[in-house]
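**Student:** Okay, so here is my_file33.csv, and as you'll see once you scroll down, it has CSV, C-alpha atoms and all ligand atoms.
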```csv
chain,number,residue,atom,x,y,z
Q,20,MET,CA,-281.3,-46.9,-50.5
Q,21,ARG,CA,-278.3,-46.1,-52.6
Q,22,ILE,CA,-276.4,-47.8,-55.4
Q,23,ILE,CA,-272.8,-48.4,-54.6
Q,24,PHE,CA,-270.6,-49.1,-57.6
Q,25,ALA,CA,-267.7,-51.5,-57.0
Q,26,THR,CA,-265.1,-50.0,-59.2
Q,27,GLY,CA,-261.8,-48.3,-58.7
Q,28,ASN,CA,-261.5,-47.2,-62.3
Q,29,LYS,CA,-262.0,-43.5,-62.7
Q,30,GLY,CA,-262.8,-43.6,-66.4
Q,31,LYS,CA,-265.4,-46.2,-65.9
Q,32,MET,CA,-266.9,-44.4,-62.9
Q,33,ASN,CA,-267.3,-41.1,-64.9
Q,34,GLU,CA,-269.2,-43.0,-67.6
Q,35,ILE,CA,-271.3,-44.8,-65.0
Q,36,ARG,CA,-272.3,-41.6,-63.3
Q,37,GLU,CA,-273.4,-40.1,-66.6
Q,38,ILE,CA,-275.3,-43.2,-67.7
Q,39,MET,CA,-277.1,-43.5,-64.4
Q,40,SER,CA,-277.8,-39.8,-64.0
Q,41,GLY,CA,-281.6,-39.2,-63.8
Q,42,PHE,CA,-282.2,-42.7,-62.3
Q,43,ASP,CA,-284.2,-42.5,-59.1
Q,44,ILE,CA,-281.6,-44.1,-56.9
Q,45,PRO,CA,-278.4,-42.1,-56.0
Q,46,ILE,CA,-275.1,-43.6,-57.0
Q,47,LEU,CA,-271.8,-43.6,-55.1
Q,48,SER,CA,-268.4,-45.1,-55.9
Q,49,MET,CA,-267.2,-47.8,-53.4
Q,50,ARG,CA,-264.6,-45.2,-52.3
Q,51,GLU,CA,-267.2,-42.6,-51.5
Q,52,ALA,CA,-269.2,-45.2,-49.6
Q,53,GLY,CA,-266.1,-46.2,-47.6
Q,54,VAL,CA,-266.4,-49.9,-48.6
Q,55,GLU,CA,-263.3,-50.4,-50.8
Q,56,THR,CA,-261.7,-53.7,-50.7
Q,57,GLU,CA,-259.2,-55.6,-52.9
Q,58,VAL,CA,-260.9,-58.3,-55.1
Q,59,GLU,CA,-258.9,-60.9,-56.9
Q,60,GLU,CA,-260.4,-61.4,-60.4
Q,61,THR,CA,-260.0,-65.1,-60.6
Q,62,GLY,CA,-263.1,-65.8,-62.8
Q,63,THR,CA,-262.8,-67.0,-66.3
Q,64,THR,CA,-265.5,-64.8,-67.8
Q,65,PHE,CA,-266.5,-61.2,-67.5
Q,66,LEU,CA,-269.7,-62.2,-65.8
Q,67,GLU,CA,-267.9,-64.3,-63.2
Q,68,ASN,CA,-265.5,-61.5,-62.4
Q,69,SER,CA,-268.3,-58.9,-62.2
Q,70,PHE,CA,-270.0,-61.1,-59.6
Q,71,LEU,CA,-266.8,-61.6,-57.6
Q,72,LYS,CA,-266.5,-57.8,-57.3
Q,73,ALA,CA,-270.2,-57.2,-56.5
Q,74,ARG,CA,-270.4,-60.0,-53.9
Q,75,ALA,CA,-267.2,-58.9,-52.2
Q,76,ILE,CA,-268.4,-55.3,-51.8
Q,77,ALA,CA,-271.9,-56.4,-50.8
Q,78,ALA,CA,-270.3,-58.4,-48.0
Q,79,VAL,CA,-268.4,-55.3,-46.8
Q,80,CYS,CA,-271.7,-53.3,-46.9
Q,81,LYS,CA,-273.5,-56.0,-45.0
Q,82,SER,CA,-270.8,-56.1,-42.3
Q,83,LYS,CA,-271.4,-52.3,-41.9
Q,84,GLY,CA,-275.2,-52.7,-41.7
Q,85,TYR,CA,-275.7,-50.9,-45.1
Q,86,GLU,CA,-278.9,-51.7,-47.0
Q,87,ASP,CA,-277.6,-50.7,-50.4
Q,88,ILE,CA,-277.6,-52.1,-53.9
Q,89,VAL,CA,-274.1,-53.1,-55.1
Q,90,LEU,CA,-273.3,-53.1,-58.8
Q,91,ALA,CA,-270.0,-54.0,-60.4
Q,92,ASP,CA,-268.7,-53.8,-64.0
Q,93,ASP,CA,-266.2,-56.2,-65.5
Q,94,SER,CA,-265.3,-55.3,-69.0
Q,95,GLY,CA,-262.6,-55.5,-71.7
Q,96,LEU,CA,-261.6,-55.6,-75.3
Q,97,GLU,CA,-261.7,-58.8,-77.3
Q,98,ILE,CA,-259.6,-58.8,-80.5
Q,99,ASP,CA,-260.6,-61.8,-82.7
Q,100,HIS,CA,-257.3,-62.0,-84.6
Q,101,LEU,CA,-255.5,-62.3,-81.2
Q,102,ASN,CA,-257.7,-65.1,-79.9
Q,103,LYS,CA,-259.8,-62.6,-78.0
Q,104,GLU,CA,-256.9,-61.1,-76.2
Q,105,PRO,CA,-256.7,-59.0,-74.0
Q,106,GLY,CA,-260.2,-60.1,-73.0
Q,107,ILE,CA,-260.7,-60.5,-69.2
Q,108,TYR,CA,-257.1,-59.5,-68.8
Q,109,SER,CA,-257.6,-56.0,-70.4
Q,110,ALA,CA,-256.8,-54.1,-67.2
Q,111,ARG,CA,-253.8,-56.3,-66.4
Q,112,TYR,CA,-252.4,-56.6,-70.0
Q,113,LEU,CA,-248.7,-55.7,-69.9
Q,114,GLY,CA,-249.1,-54.8,-66.3
Q,115,GLU,CA,-251.9,-53.0,-64.4
Q,116,ASP,CA,-249.8,-49.7,-64.1
Q,117,THR,CA,-248.5,-49.7,-67.6
Q,118,PRO,CA,-249.7,-46.5,-69.5
Q,119,TYR,CA,-252.3,-47.1,-72.1
Q,120,SER,CA,-250.1,-45.4,-74.7
Q,121,ILE,CA,-247.8,-48.5,-74.4
Q,122,LYS,CA,-250.6,-51.1,-74.2
Q,123,ASN,CA,-252.3,-49.6,-77.3
Q,124,ALA,CA,-249.0,-49.3,-79.2
Q,125,ASN,CA,-248.2,-52.9,-78.4
Q,126,LEU,CA,-251.6,-54.1,-79.7
Q,127,LEU,CA,-251.3,-52.0,-82.9
Q,128,ASP,CA,-247.8,-53.6,-83.4
Q,129,ARG,CA,-249.3,-57.1,-83.0
Q,130,MET,CA,-252.0,-56.2,-85.6
Q,131,GLN,CA,-249.5,-54.8,-88.1
Q,132,GLY,CA,-250.2,-56.1,-91.6
Q,133,VAL,CA,-253.6,-57.6,-90.6
Q,134,PRO,CA,-256.2,-56.6,-93.2
Q,135,ASP,CA,-259.5,-54.7,-92.4
Q,136,ASN,CA,-261.6,-57.8,-92.6
Q,137,GLU,CA,-259.5,-59.6,-89.9
Q,138,ARG,CA,-259.4,-56.6,-87.5
Q,139,SER,CA,-262.8,-57.3,-85.8
Q,140,ALA,CA,-263.0,-56.6,-82.1
Q,141,ARG,CA,-265.5,-55.8,-79.5
Q,142,PHE,CA,-265.8,-54.3,-76.0
Q,143,VAL,CA,-267.8,-56.4,-73.6
Q,144,CYS,CA,-269.3,-55.3,-70.4
Q,145,ALA,CA,-270.9,-57.5,-67.7
Q,146,VAL,CA,-272.7,-55.7,-64.9
Q,147,ALA,CA,-273.5,-57.8,-61.8
Q,148,GLY,CA,-275.8,-56.6,-59.0
Q,149,VAL,CA,-276.5,-57.8,-55.5
Q,150,LEU,CA,-279.7,-56.4,-53.9
Q,151,PRO,CA,-280.0,-55.7,-50.2
Q,152,ASP,CA,-282.0,-58.9,-49.6
Q,153,GLY,CA,-279.2,-60.9,-51.4
Q,154,ARG,CA,-280.9,-61.4,-54.7
Q,155,GLU,CA,-278.6,-61.3,-57.7
Q,156,VAL,CA,-279.1,-59.7,-61.1
Q,157,SER,CA,-276.9,-59.2,-64.2
Q,158,SER,CA,-276.7,-57.9,-67.7
Q,159,VAL,CA,-274.1,-58.2,-70.4
Q,160,ALA,CA,-273.7,-56.1,-73.6
Q,161,THR,CA,-271.1,-55.6,-76.4
Q,162,ILE,CA,-270.2,-53.1,-79.0
Q,163,GLU,CA,-268.6,-54.3,-82.2
Q,164,GLY,CA,-265.8,-52.5,-84.0
Q,165,ARG,CA,-262.3,-52.9,-85.4
Q,166,VAL,CA,-258.8,-52.4,-84.3
Q,167,ALA,CA,-257.6,-49.0,-85.7
Q,168,TYR,CA,-254.3,-48.6,-87.6
Q,169,GLU,CA,-253.2,-45.8,-85.2
Q,170,GLU,CA,-254.2,-44.2,-81.9
Q,171,LYS,CA,-256.7,-41.4,-82.3
Q,172,GLY,CA,-258.8,-39.3,-80.0
Q,173,GLU,CA,-258.6,-37.9,-76.5
Q,174,ASN,CA,-262.0,-38.9,-75.1
Q,175,GLY,CA,-262.9,-42.0,-73.2
Q,176,PHE,CA,-260.2,-44.1,-71.5
Q,177,GLY,CA,-258.2,-47.3,-71.9
Q,178,TYR,CA,-258.3,-48.8,-75.3
Q,179,ASP,CA,-260.8,-46.3,-76.8
Q,180,PRO,CA,-258.1,-44.6,-79.0
Q,181,ILE,CA,-257.5,-47.9,-80.9
Q,182,PHE,CA,-261.2,-49.0,-81.1
Q,183,PHE,CA,-262.5,-48.0,-84.6
Q,184,LEU,CA,-266.2,-47.6,-85.1
Q,185,PRO,CA,-266.9,-48.3,-88.8
Q,186,GLU,CA,-270.4,-46.5,-88.7
Q,187,TYR,CA,-268.8,-43.4,-87.3
Q,188,GLY,CA,-265.5,-43.5,-89.3
Q,189,CYS,CA,-263.5,-42.8,-86.2
Q,190,THR,CA,-262.5,-44.3,-82.8
Q,191,SER,CA,-264.5,-44.4,-79.7
Q,192,ALA,CA,-262.1,-41.8,-78.2
Q,193,GLU,CA,-263.1,-39.4,-81.0
Q,194,ILE,CA,-266.9,-39.4,-80.4
Q,195,SER,CA,-268.4,-37.4,-77.5
Q,196,PRO,CA,-268.9,-39.0,-74.1
Q,197,GLU,CA,-272.7,-38.7,-74.6
Q,198,GLU,CA,-272.6,-40.4,-78.0
Q,199,LYS,CA,-270.3,-43.2,-76.6
Q,200,ASN,CA,-272.7,-43.9,-73.7
Q,201,LYS,CA,-275.6,-44.2,-76.1
Q,202,ILE,CA,-274.0,-47.0,-78.1
Q,203,SER,CA,-271.3,-48.5,-75.8
Q,204,HIS,CA,-271.1,-52.0,-74.1
Q,205,ARG,CA,-271.3,-50.2,-70.7
Q,206,GLY,CA,-274.2,-47.8,-71.8
Q,207,LYS,CA,-276.2,-50.8,-73.0
Q,208,ALA,CA,-275.5,-53.1,-70.1
Q,209,LEU,CA,-276.4,-50.3,-67.6
Q,210,ALA,CA,-279.5,-49.3,-69.5
Q,211,ARG,CA,-280.7,-52.9,-69.2
Q,212,MET,CA,-279.6,-53.0,-65.5
Q,213,LYS,CA,-281.8,-49.9,-64.8
Q,214,GLU,CA,-284.8,-51.7,-66.2
Q,215,ILE,CA,-284.0,-54.8,-64.2
Q,216,LEU,CA,-283.7,-52.8,-61.0
Q,217,SER,CA,-286.9,-50.8,-61.6
Q,218,ARG,CA,-288.7,-54.2,-62.0
Q,219,GLU,CA,-287.0,-56.0,-59.1
Q,220,LEU,CA,-287.5,-53.1,-56.6
Q,221,ARG,CA,-291.2,-52.4,-57.5
Q,301,LIG,P1,-262.4,-52.2,-61.5
Q,301,LIG,O1,-262.2,-53.7,-61.5
Q,301,LIG,O2,-262.0,-51.6,-60.3
Q,301,LIG,O3,-263.8,-51.9,-62.0
Q,301,LIG,P2,-260.5,-52.3,-63.8
Q,301,LIG,O4,-260.0,-51.2,-64.7
Q,301,LIG,O5,-259.6,-53.3,-63.2
Q,301,LIG,O6,-261.4,-51.6,-62.6
Q,301,LIG,P3,-261.8,-54.4,-65.4
Q,301,LIG,O7,-261.1,-55.5,-64.7
Q,301,LIG,O8,-263.2,-54.5,-65.7
Q,301,LIG,O9,-261.7,-53.0,-64.5
Q,301,LIG,O10,-261.0,-54.0,-66.7
Q,301,LIG,C1,-261.6,-53.2,-67.7
Q,301,LIG,C2,-260.5,-52.8,-68.7
Q,301,LIG,O11,-261.0,-53.0,-70.0
Q,301,LIG,C3,-260.2,-51.3,-68.5
Q,301,LIG,O12,-259.2,-51.1,-67.6
Q,301,LIG,C4,-259.8,-50.9,-69.9
Q,301,LIG,O13,-258.5,-51.3,-70.2
Q,301,LIG,C5,-260.7,-51.9,-70.8
Q,301,LIG,N1,-262.0,-51.2,-71.1
Q,301,LIG,C6,-263.2,-51.6,-70.6
Q,301,LIG,N2,-264.2,-50.7,-71.0
Q,301,LIG,C7,-263.6,-49.8,-71.8
Q,301,LIG,C8,-264.0,-48.7,-72.5
Q,301,LIG,O14,-265.3,-48.3,-72.5
Q,301,LIG,N3,-263.1,-48.0,-73.2
Q,301,LIG,C9,-261.8,-48.4,-73.2
Q,301,LIG,N4,-261.3,-49.4,-72.6
Q,301,LIG,C10,-262.2,-50.1,-71.8
```
Please render this file's structure as structure tokens.

**Tutor:**
Amino acid sequence: MRIIFATGNKGKMNEIREIMSGFDIPILSMREAGVETEVEETGTTFLENSFLKARAIAAVCKSKGYEDIVLADDSGLEIDHLNKEPGIYSARYLGEDTPYSIKNANLLDRMQGVPDNERSARFVCAVAGVLPDGREVSSVATIEGRVAYEEKGENGFGYDPIFFLPEYGCTSAEISPEEKNKISHRGKALARMKEILSRELR
């Protein structure tokens, strides 16, 4: 049995491999497993969208006779002052192929003049799982922070350079990948998913 992760996002997949390293079940991206398919994210919540992706890839696996676990991550940045934008549209914000330097600069512009106490934001990560027998499992986690005043840091991906972590005094693109995985929305949701899988597969 393997875990096939239903994501086409390289930054996410790097983190997922690191977080899941040492787990007893080997992990492959959907590309490596040859089960890629386009999934329309029509859900209204992170959890719904994570299940749309996991179920779609699980169906492809089933059609090929694979007996694998399929996991999917749907995640994004919620900025309270912007009515939780970009939220579930984080990847699509200003266009899927628009560079993050532009997306981040745009969000910083929209937050110009907004004081510290109104800059609260969080990353959310929903992980959905479909087991080989069709059972479904999930976990959701968040990390709280603030929108920074300028882009900083080279680590991570996406909106990390504008996500300020007050306890660290820097952005999530300035801490090491190991440190980010310990505290992040994705790190926490996947840690919980490991526990769930260990229990369900006993
Ligand atoms: P898949 O659906 O193929 O997994 P995607 O990039 O479209 O890839 P999502 O729909 O879940 O995935 O969108 C997640 C977006 O949220 C991602 O593209 C980033 O813009 C943002 N995001 C999520 N987690 C992040 C993190 O840890 N650091 C920075 N940005 C993050």

**Student:** Produce as a ChimeraX atom specification the set of residues near ligand LIG 301 (chain Q), where near means within 9 Å with only C-alpha atoms and all ligand atoms considered.

**Tutor:** /Q:24-32,34,57-58,60,65,68-69,72,91-96,105-112,115,119,122,142-145,175-182,191-192,199-200,203-206

**Student:** Between Q:Val54, Q:Asp99, Q:Thr64, Q:Glu59, single out the one closest to Ala78 of chain Q, counting all atoms listed in the file.

**Tutor:**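 Closest to Ala78 of chain Q of all the choices is Q:Val54.
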
**Student:** Give me, as a list in words, all polymer residues having an atom no more than 7 Å from Gly148 of chain Q, counting all atoms listed in the file and skipping those fewer than 6 positions away in the same chain.

**Tutor:** Ala73, Val89, Leu90, Ala91, Glu155, Val156 and Ser157 of chain Q

**Student:** Which residues come within 12 Å of Ala124 of chain Q, counting all atoms listed in the file, excluding same-chain residues fewer than 2 positions away, as a VMD selection string?

**Tutor:** chain Q and resid 113 117 to 122 126 to 131 166 to 171 177 to 178 180 to 181

**Student:** How many Å lie between atom CA of Asp43 of chain Q and atom CA of Pro196 of chain Q, rounded to one decimal?

**Tutor:**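 So the answer is 21.7 Å.
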
**Student:** Which residue gives the smallest distance to Asn102 of chain Q among Q:Ser48, Q:Arg138, Q:Phe70, Q:Ser82, with all atoms listed in the file counted?

**Tutor:**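 Under the stated criterion, the closest residue is Q:Arg138.
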
**Student:** What separation in Å, quoted to one decimal, exists between atom CA of Ile46 of chain Q and atom CA of Glu198 of chain Q?

**Tutor:** 21.4 Å

**Student:** Atom CA of Leu101 of chain Q and atom CA of Val133 of chain Q are how many Å apart?

**Tutor:**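 Atom-to-atom, atom CA of Leu101 of chain Q to atom CA of Val133 of chain Q, that is 10.7 Å.
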
**Student:** Between Q:Ile162, Q:Val149, Q:Ala210, Q:Leu66, which residue has the minimum interatomic distance to Phe42 of chain Q, considering all atoms listed in the file?

**Tutor:**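 Checking each candidate against Phe42 of chain Q, we get Q:Ala210 as the closest.
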
**Student:** Closest to Gly132 of chain Q among Q:His100, Q:Thr56, Q:Ser195, Q:Met212, using all atoms listed in the file?

**Tutor:**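 Among the listed residues, Q:His100 lies closest to Gly132 of chain Q.
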
**Student:** Which residues come within 6 Å of Ala140 of chain Q, counting all atoms listed in the file, excluding same-chain residues fewer than 2 positions away, as a ChimeraX atom specification?

**Tutor:** /Q:97-99,164-165
